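coords13.tsv follows; it contains TSV, C-alpha atoms.
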```
chain	number	residue	atom	x	y	z
N	1	MET	CA	-18.24	22.07	-30.25
N	2	SER	CA	-15.22	23.75	-28.72
N	3	THR	CA	-11.86	22.10	-29.19
N	4	LYS	CA	-10.11	24.33	-26.68
N	5	GLY	CA	-7.85	22.23	-24.50
N	6	ALA	CA	-8.14	19.18	-26.71
N	7	PRO	CA	-4.95	17.08	-26.88
N	8	THR	CA	-2.75	17.63	-29.93
N	9	PHE	CA	-0.49	14.67	-29.18
N	10	LEU	CA	2.45	17.05	-29.57
N	11	GLU	CA	2.63	17.88	-25.87
N	12	GLY	CA	6.19	17.71	-24.61
N	13	THR	CA	7.82	17.76	-28.03
N	14	ASP	CA	9.43	21.11	-27.21
N	15	ALA	CA	10.77	19.87	-23.87
N	16	MET	CA	14.07	21.21	-22.57
N	17	THR	CA	16.33	18.16	-22.57
N	18	LEU	CA	19.54	17.96	-20.57
N	19	THR	CA	21.61	17.99	-23.77
N	20	ARG	CA	19.81	21.08	-25.06
N	21	TYR	CA	20.09	22.78	-21.67
N	22	VAL	CA	23.84	22.24	-21.48
N	23	LEU	CA	24.32	23.57	-25.02
N	24	VAL	CA	22.28	26.69	-24.17
N	25	GLU	CA	24.42	27.24	-21.08
N	26	GLN	CA	27.57	26.75	-23.14
N	27	ARG	CA	26.53	29.55	-25.51
N	28	ARG	CA	26.06	31.86	-22.51
N	29	HIS	CA	29.76	31.50	-21.67
N	30	LYS	CA	31.79	32.82	-24.60
N	31	GLU	CA	35.02	31.35	-23.21
N	32	ALA	CA	33.59	27.81	-23.15
N	33	GLN	CA	35.18	25.34	-25.56
N	34	GLY	CA	32.59	22.58	-25.21
N	35	ASP	CA	34.72	20.21	-23.14
N	36	LEU	CA	32.42	20.30	-20.11
N	37	THR	CA	29.41	19.83	-22.40
N	38	LEU	CA	30.91	16.64	-23.83
N	39	LEU	CA	31.90	15.40	-20.39
N	40	LEU	CA	28.36	15.90	-19.08
N	41	SER	CA	27.06	14.01	-22.14
N	42	ALA	CA	29.28	11.09	-21.16
N	43	VAL	CA	27.98	11.28	-17.57
N	44	GLN	CA	24.34	11.22	-18.64
N	45	LEU	CA	24.95	8.32	-21.02
N	46	ALA	CA	26.59	6.34	-18.21
N	47	CYS	CA	23.59	7.10	-15.98
N	48	LYS	CA	21.19	5.87	-18.68
N	49	VAL	CA	23.12	2.60	-18.99
N	50	ILE	CA	23.10	2.12	-15.20
N	51	GLU	CA	19.38	2.94	-15.09
N	52	SER	CA	18.72	0.25	-17.68
N	53	CYS	CA	20.70	-2.31	-15.67
N	54	VAL	CA	18.89	-1.38	-12.44
N	55	ARG	CA	15.47	-1.72	-14.14
N	56	ARG	CA	16.14	-5.26	-15.35
N	57	ALA	CA	18.37	-6.40	-12.50
N	58	GLY	CA	15.98	-9.09	-11.28
N	59	ILE	CA	15.27	-10.52	-14.72
N	60	ALA	CA	18.94	-10.42	-15.77
N	61	LYS	CA	20.05	-11.91	-12.42
N	62	LEU	CA	22.10	-8.84	-11.50
N	63	TYR	CA	21.09	-8.89	-7.84
N	64	GLY	CA	23.43	-10.30	-5.20
N	65	LEU	CA	27.14	-10.11	-4.40
N	66	ALA	CA	29.92	-10.03	-6.95
N	67	GLY	CA	32.24	-11.91	-4.59
N	68	ASP	CA	34.78	-9.13	-3.92
N	69	GLN	CA	35.20	-6.20	-1.54
N	70	ASN	CA	35.93	-2.62	-2.54
N	71	VAL	CA	38.63	-0.39	-1.05
N	72	GLN	CA	36.24	0.56	1.78
N	73	GLY	CA	36.03	-3.08	2.89
N	74	GLU	CA	32.42	-3.28	1.71
N	75	ASP	CA	31.04	-6.29	-0.14
N	76	GLN	CA	30.57	-5.39	-3.81
N	77	LYS	CA	27.22	-6.11	-5.42
N	78	LYS	CA	27.09	-7.14	-9.06
N	79	LEU	CA	25.55	-3.79	-9.97
N	80	ASP	CA	28.38	-1.98	-8.13
N	81	VAL	CA	30.87	-3.53	-10.53
N	82	ILE	CA	28.73	-2.87	-13.62
N	83	ALA	CA	28.11	0.75	-12.62
N	84	ASN	CA	31.81	1.38	-11.93
N	85	ASP	CA	32.91	-0.15	-15.23
N	86	THR	CA	30.22	1.80	-17.11
N	87	PHE	CA	31.33	5.12	-15.66
N	88	LYS	CA	35.01	4.46	-16.31
N	89	LEU	CA	34.39	3.39	-19.91
N	90	ASN	CA	32.23	6.39	-20.81
N	91	LEU	CA	34.32	9.00	-19.03
N	92	ILE	CA	37.61	7.81	-20.50
N	93	ALA	CA	36.05	7.52	-23.98
N	94	SER	CA	34.92	11.16	-23.79
N	95	GLU	CA	38.62	12.20	-23.87
N	96	LYS	CA	37.76	15.09	-21.55
N	97	CYS	CA	39.11	13.62	-18.29
N	98	ALA	CA	42.69	13.54	-17.07
N	99	CYS	CA	41.97	11.36	-14.04
N	100	LEU	CA	39.12	9.60	-12.23
N	101	VAL	CA	38.51	8.80	-8.58
N	102	SER	CA	35.95	6.08	-7.82
N	103	GLU	CA	34.60	4.75	-4.56
N	104	GLU	CA	35.25	1.27	-5.92
N	105	GLU	CA	38.94	1.84	-6.76
N	106	GLU	CA	41.75	2.10	-4.21
N	107	LEU	CA	43.92	4.34	-6.41
N	108	ALA	CA	43.03	7.20	-8.71
N	109	ILE	CA	42.77	6.24	-12.38
N	110	LEU	CA	45.20	8.09	-14.65
N	111	VAL	CA	43.95	8.45	-18.23
N	112	ASP	CA	46.34	7.72	-21.09
N	113	PRO	CA	48.08	10.98	-22.15
N	114	LEU	CA	46.72	10.63	-25.71
N	115	MET	CA	43.13	10.65	-24.39
N	116	ARG	CA	43.39	13.24	-21.63
N	117	GLY	CA	41.18	16.24	-21.19
N	118	ARG	CA	41.17	19.16	-18.76
N	119	TYR	CA	38.89	17.74	-16.09
N	120	ALA	CA	39.04	15.37	-13.15
N	121	ILE	CA	35.94	13.61	-11.87
N	122	ALA	CA	35.27	11.86	-8.58
N	123	PHE	CA	32.24	9.57	-8.45
N	124	ASP	CA	30.32	7.04	-6.42
N	125	PRO	CA	28.95	4.85	-9.23
N	126	LEU	CA	26.15	3.31	-7.16
N	127	ASP	CA	25.35	4.94	-3.85
N	128	GLY	CA	23.10	2.99	-1.47
N	129	SER	CA	23.97	-0.34	-3.05
N	130	SER	CA	23.13	-2.20	0.16
N	131	ASN	CA	19.50	-1.45	-0.81
N	132	ILE	CA	19.74	-2.91	-4.33
N	133	ASP	CA	18.12	-6.27	-3.61
N	134	ALA	CA	15.22	-4.58	-1.76
N	135	ASN	CA	14.43	-2.37	-4.79
N	136	VAL	CA	14.94	0.83	-2.78
N	137	SER	CA	16.01	4.04	-4.56
N	138	ILE	CA	19.75	4.15	-5.24
N	139	GLY	CA	21.89	6.56	-7.22
N	140	THR	CA	25.12	7.89	-8.68
N	141	ILE	CA	27.01	10.94	-7.35
N	142	PHE	CA	29.72	12.88	-9.18
N	143	ALA	CA	31.96	15.93	-8.72
N	144	ILE	CA	33.91	17.61	-11.52
N	145	TYR	CA	37.13	19.60	-11.08
N	146	HIS	CA	39.24	21.53	-13.56
N	147	ILE	CA	42.85	20.46	-14.14
N	148	GLU	CA	45.21	23.22	-15.24
N	149	ASN	CA	48.05	21.10	-16.62
N	150	PRO	CA	46.80	17.56	-17.28
N	151	GLN	CA	50.02	16.49	-19.03
N	152	GLU	CA	51.92	16.99	-15.76
N	153	LEU	CA	50.09	14.02	-14.21
N	154	ASN	CA	52.48	11.08	-14.23
N	155	SER	CA	51.46	9.04	-11.18
N	156	SER	CA	48.74	8.46	-8.59
N	157	GLU	CA	50.65	10.79	-6.28
N	158	ASP	CA	50.34	13.58	-8.83
N	159	VAL	CA	46.61	12.91	-9.06
N	160	ASN	CA	46.30	13.09	-5.29
N	161	ARG	CA	47.98	16.47	-5.28
N	162	TYR	CA	45.43	17.83	-7.75
N	163	MET	CA	42.40	16.11	-6.21
N	164	LEU	CA	43.09	16.93	-2.57
N	165	GLN	CA	41.53	20.35	-2.71
N	166	SER	CA	38.50	21.87	-1.07
N	167	GLY	CA	35.07	21.57	-2.60
N	168	ARG	CA	35.13	25.30	-3.35
N	169	SER	CA	37.21	24.53	-6.45
N	170	MET	CA	34.52	22.24	-7.91
N	171	VAL	CA	33.17	23.37	-11.28
N	172	ALA	CA	30.11	21.09	-11.39
N	173	ALA	CA	28.40	18.40	-9.35
N	174	GLY	CA	25.32	16.25	-9.54
N	175	TYR	CA	23.60	12.98	-8.88
N	176	ALA	CA	21.29	10.54	-10.60
N	177	MET	CA	18.58	8.74	-8.63
N	178	TYR	CA	17.09	5.47	-9.83
N	179	GLY	CA	13.67	5.11	-8.23
N	180	SER	CA	10.04	5.28	-9.32
N	181	ALA	CA	11.42	7.71	-11.90
N	182	THR	CA	15.02	8.36	-12.86
N	183	ASN	CA	16.18	11.87	-11.97
N	184	LEU	CA	19.41	13.66	-12.74
N	185	VAL	CA	20.11	16.77	-10.66
N	186	PHE	CA	23.15	18.91	-11.35
N	187	SER	CA	24.65	22.37	-11.09
N	188	THR	CA	27.59	24.33	-12.42
N	189	GLY	CA	27.35	26.78	-9.53
N	190	GLU	CA	24.57	29.16	-10.62
N	191	THR	CA	21.36	27.17	-10.14
N	192	VAL	CA	20.41	23.59	-9.34
N	193	ASN	CA	18.24	21.95	-12.00
N	194	GLY	CA	16.48	18.59	-11.96
N	195	PHE	CA	15.81	16.44	-15.02
N	196	THR	CA	13.64	13.33	-15.32
N	197	LEU	CA	14.33	10.53	-17.78
N	198	ASP	CA	11.53	10.18	-20.32
N	199	PRO	CA	11.68	6.48	-21.29
N	200	SER	CA	9.81	7.10	-24.54
N	201	LEU	CA	12.46	9.59	-25.69
N	202	GLY	CA	15.49	8.20	-23.93
N	203	GLU	CA	16.25	11.76	-22.83
N	204	PHE	CA	16.47	13.59	-19.51
N	205	VAL	CA	13.83	16.36	-19.58
N	206	LEU	CA	13.88	19.46	-17.37
N	207	THR	CA	11.19	19.02	-14.71
N	208	HIS	CA	12.60	20.86	-11.67
N	209	PRO	CA	14.16	24.17	-12.78
N	210	ASN	CA	16.02	26.30	-10.21
N	211	MET	CA	15.54	23.96	-7.26
N	212	ARG	CA	15.57	25.73	-3.88
N	213	CYS	CA	15.84	24.13	-0.46
N	214	PRO	CA	13.26	25.63	1.95
N	215	ARG	CA	14.71	27.77	4.74
N	216	ARG	CA	13.22	25.43	7.35
N	217	GLY	CA	11.70	21.98	7.07
N	218	THR	CA	9.61	19.53	9.08
N	219	ILE	CA	11.72	16.39	8.52
N	220	TYR	CA	14.93	15.10	10.05
N	221	SER	CA	16.83	12.17	8.59
N	222	ILE	CA	19.34	10.08	10.54
N	223	ASN	CA	20.07	6.45	11.37
N	224	GLU	CA	18.80	6.29	14.94
N	225	GLY	CA	20.21	2.78	15.27
N	226	ASN	CA	23.53	4.50	16.02
N	227	SER	CA	22.11	6.75	18.75
N	228	ARG	CA	24.01	4.95	21.50
N	229	ASP	CA	27.28	6.13	19.93
N	230	TRP	CA	26.34	9.77	19.15
N	231	ASP	CA	28.09	12.73	20.75
N	232	PRO	CA	26.06	15.00	23.09
N	233	ALA	CA	25.39	17.68	20.47
N	234	VAL	CA	23.74	15.27	18.03
N	235	ARG	CA	21.80	13.62	20.83
N	236	GLU	CA	20.46	16.98	22.07
N	237	PHE	CA	19.54	18.16	18.57
N	238	VAL	CA	17.61	14.99	17.74
N	239	GLN	CA	15.86	15.20	21.10
N	240	ARG	CA	14.79	18.73	20.20
N	241	MET	CA	13.45	17.46	16.87
N	242	LYS	CA	11.29	14.94	18.72
N	243	PHE	CA	10.24	17.09	21.67
N	244	PRO	CA	10.33	20.78	20.65
N	245	GLU	CA	9.53	23.43	23.23
N	246	THR	CA	6.91	24.85	20.87
N	247	GLY	CA	5.19	23.55	17.75
N	248	LYS	CA	4.88	20.06	16.38
N	249	PRO	CA	7.62	17.43	16.54
N	250	ARG	CA	9.56	16.77	13.34
N	251	SER	CA	8.92	13.68	11.25
N	252	LEU	CA	11.71	11.10	10.94
N	253	ARG	CA	12.40	9.85	7.41
N	254	TYR	CA	15.47	7.72	6.74
N	255	ILE	CA	15.91	5.66	3.58
N	256	GLY	CA	19.54	4.63	4.00
N	257	SER	CA	20.53	5.81	0.53
N	258	MET	CA	22.25	9.22	0.59
N	259	VAL	CA	20.99	10.19	-2.86
N	260	ALA	CA	17.36	9.52	-1.92
N	261	ASP	CA	17.60	11.15	1.51
N	262	VAL	CA	19.34	14.28	0.20
N	263	HIS	CA	16.96	14.53	-2.79
N	264	ARG	CA	13.98	14.58	-0.43
N	265	THR	CA	15.73	17.14	1.81
N	266	LEU	CA	16.48	19.36	-1.18
N	267	LEU	CA	12.81	19.30	-2.23
N	268	TYR	CA	11.03	19.43	1.13
N	269	GLY	CA	13.60	20.93	3.49
N	270	GLY	CA	14.70	19.63	6.87
N	271	VAL	CA	18.05	18.16	7.77
N	272	PHE	CA	19.99	15.07	6.69
N	273	MET	CA	22.63	13.85	9.14
N	274	TYR	CA	25.33	11.21	9.12
N	275	PRO	CA	27.49	12.25	12.08
N	276	ALA	CA	30.75	10.95	13.40
N	277	ASP	CA	30.31	8.81	16.50
N	278	SER	CA	32.32	6.71	18.92
N	279	LYS	CA	32.56	3.89	16.33
N	280	SER	CA	33.29	6.03	13.27
N	281	LYS	CA	35.24	8.98	14.62
N	282	GLU	CA	35.70	10.63	11.21
N	283	GLY	CA	32.18	9.87	9.99
N	284	LYS	CA	31.08	7.37	7.34
N	285	LEU	CA	30.48	9.36	4.15
N	286	ARG	CA	33.41	9.96	1.81
N	287	TYR	CA	34.38	13.54	1.07
N	288	LEU	CA	35.32	13.71	-2.62
N	289	TYR	CA	32.43	11.80	-4.15
N	290	GLU	CA	29.64	11.93	-1.55
N	291	ALA	CA	29.82	14.80	0.95
N	292	ALA	CA	31.42	17.50	-1.24
N	293	PRO	CA	29.21	17.22	-4.36
N	294	MET	CA	26.03	17.04	-2.27
N	295	ALA	CA	27.19	20.03	-0.21
N	296	PHE	CA	27.87	21.93	-3.45
N	297	LEU	CA	24.31	21.32	-4.65
N	298	MET	CA	22.81	22.12	-1.27
N	299	GLU	CA	24.61	25.46	-0.99
N	300	VAL	CA	23.72	26.52	-4.55
N	301	ALA	CA	20.08	25.68	-3.73
N	302	GLY	CA	20.15	27.95	-0.67
N	303	GLY	CA	20.76	25.31	1.98
N	304	ARG	CA	23.81	24.67	4.15
N	305	ALA	CA	26.20	21.78	4.69
N	306	THR	CA	28.59	21.40	7.61
N	307	THR	CA	30.73	18.85	9.43
N	308	GLY	CA	29.63	20.40	12.71
N	309	LYS	CA	32.90	22.34	12.90
N	310	GLU	CA	33.31	23.85	9.43
N	311	GLU	CA	31.46	24.13	6.14
N	312	ILE	CA	31.88	20.91	4.17
N	313	LEU	CA	33.09	22.76	1.07
N	314	ASP	CA	35.92	24.32	3.11
N	315	VAL	CA	37.39	20.92	4.07
N	316	VAL	CA	40.70	20.04	2.39
N	317	PRO	CA	40.87	16.22	2.35
N	318	ARG	CA	44.06	14.38	3.30
N	319	HIS	CA	43.45	11.39	1.02
N	320	ILE	CA	41.04	10.55	-1.78
N	321	HIS	CA	38.81	8.27	0.31
N	322	GLN	CA	38.65	10.47	3.41
N	323	ARG	CA	35.42	10.38	5.41
N	324	VAL	CA	33.72	13.34	7.10
N	325	PRO	CA	30.68	13.93	9.32
N	326	VAL	CA	27.72	15.35	7.35
N	327	PHE	CA	24.89	17.67	8.37
N	328	MET	CA	23.07	19.32	5.48
N	329	GLY	CA	19.70	20.79	4.64
N	330	SER	CA	17.60	23.85	5.40
N	331	ALA	CA	19.72	26.83	6.43
N	332	GLU	CA	17.75	27.60	9.60
N	333	ASP	CA	17.74	23.96	10.72
N	334	ILE	CA	21.52	23.69	10.23
N	335	GLU	CA	22.06	26.91	12.18
N	336	GLU	CA	19.93	25.50	15.01
N	337	PHE	CA	22.17	22.42	15.11
N	338	LEU	CA	25.35	24.54	15.05
N	339	GLU	CA	24.12	26.59	18.03
N	340	ILE	CA	23.91	23.36	20.00
N	341	ALA	CA	27.23	22.06	18.66
N	342	ARG	CA	29.06	25.22	19.75
N	343	LYS	CA	28.10	24.56	23.38
N	344	PHE	CA	30.12	21.32	23.33
N	345	GLN	CA	33.21	22.57	21.51
```
Would you write out, as structure tokens, the structure that this file holds?
Amino acid sequence: MSTKGAPTFLEGTDAMTLTRYVLVEQRRHKEAQGDLTLLLSAVQLACKVIESCVRRAGIAKLYGLAGDQNVQGEDQKKLDVIANDTFKLNLIASEKCACLVSEEEELAILVDPLMRGRYAIAFDPLDGSSNIDANVSIGTIFAIYHIENPQELNSSEDVNRYMLQSGRSMVAAGYAMYGSATNLVFSTGETVNGFTLDPSLGEFVLTHPNMRCPRRGTIYSINEGNSRDWDPAVREFVQRMKFPETGKPRSLRYIGSMVADVHRTLLYGGVFMYPADSKSKEGKLRYLYEAAPMAFLMEVAGGRATTGKEEILDVVPRHIHQRVPVFMGSAEDIEEFLEIARKFQ
């Protein structure tokens, strides 16, 4: 009897883990000193801790409000606070960060000089937290920048001066998504790679190497509840998605969690939009730790990301919590939107 194809029970034991992948990449760059490798290890550990909290949130009574508001004026959920504290603890303990910027903190966090590294990181510890109690996919977003002279940082104003730079100076970006599976997608600027947490190993395993956003998609993603307040360009573009002159209409998919909506767009193509409108004239999504890192990933994967007037990565923010309009996804879909937008400029 043939045993060809019979299970050996060793399948997956040679999997490319995130830790192994980062070490391989480090060896490819002779000038690397291992600091970014250790920082990414701290990031993935923080994501594993948050994933564990999200999984047992109902049992451990972690759903519901914490009783405070963050700097954005949004009610903090219990998991918001846990996720923020987890990220701060792990990043500072890595001794590879000079400063941190969090969605949940009004001011930048300056790391003690004795524990400073050469990087700055901006992060949204729990994106889509309004969906927590409904068990909808949520996530963590992060952007990493290099700091030339970390010992020169003496105040929040100094941090602002270093952090208020365009997304083009980013050295790495990524996100974790906590859903039916836990994914961690990141890039250092060459390729975008997706890893899935294997609960039996406690390791992120490479499952989506060299992710590429299709040139054109069949899905558009936007909160149509705000349609009354859209500008004419957005209204015309969405109308074209619904009633194209030729071909089938696009499908609307909107989760309300940026990580989940952008992850789907990255895989399947299409366009994700969160525009400015008459109520939110600068947009709703924050630049440093939402729009910029996602734009970085989208561009590396072959897609595009724009505010409607300029590429998102070209924006130089004025303050650490600045908001911007966001249109990102398949390159041809974004160009179609920009052709419409130019008519109204």
task = Identify, on the basis of all atoms listed in the file, every residue whose closest approach to Gly139 (chain N) does not exceed 10 Å; exclude the query and any residue fewer than 4 positions from it along the same chain; express the result as a list in words.
result = Cys47, Ile50, Glu51, Val54, Asp124, Pro125, Leu126, Asp127, Gly128, Ser129, Tyr175, Ala176, Met177, Tyr178, Gly179, Thr182, Asn183, Leu184, Ser257, Met258, Val259 and Ala260 of chain N
query = Which residues, written as JSON, numbers by chain, have at least one atom at most 10 Å from Thr188 (chain N), with all atoms listed in the file counted and residues fewer than 5 positions away on the same chain left out?
reply = {"N": [25, 36, 144, 170, 171, 172, 173, 174, 193, 296, 297, 300]}
request  = Please measure the separation of CA of Arg286 (chain N) and CA of Leu206 (chain N), giving the value in Å to one decimal.
outcome  = 29.0 Å
request  = Would you work out the distance separating CA of Arg304 (chain N) from CA of Ile222 (chain N), expressed in Å to one decimal?
outcome  = 16.5 Å
message = With distances taken over only C-alpha atoms, which residue among N:Lys309, N:His263, N:Lys281, N:Arg20 lies nearest Glu335 (chain N)?
response = N:Lys309
query = Which residue out of N:Phe186, N:Tyr145, N:Tyr289, N:Phe272 has the minimum interatomic distance to Pro209 (chain N) when all atoms listed in the file are used?
reply =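 Result for the nearest residue to Pro209 (chain N): N:Phe186.
Note that CA of Pro113 (chain N) and CA of Val49 (chain N) are 26.5 Å apart.
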ask   = If you count only C-alpha atoms, which residues fall within 10 Å of Ser166 (chain N), apart from same-chain ones fewer than 3 positions away, as number ranges by chain?
value = N: 163, 169-170, 287-288, 292, 312-317
Within-7 Å shell of (13.7, 25.1, 10.0) in input frame, all atoms listed in the file, as a ChimeraX atom specification = /N:215-218,270,330,332-333
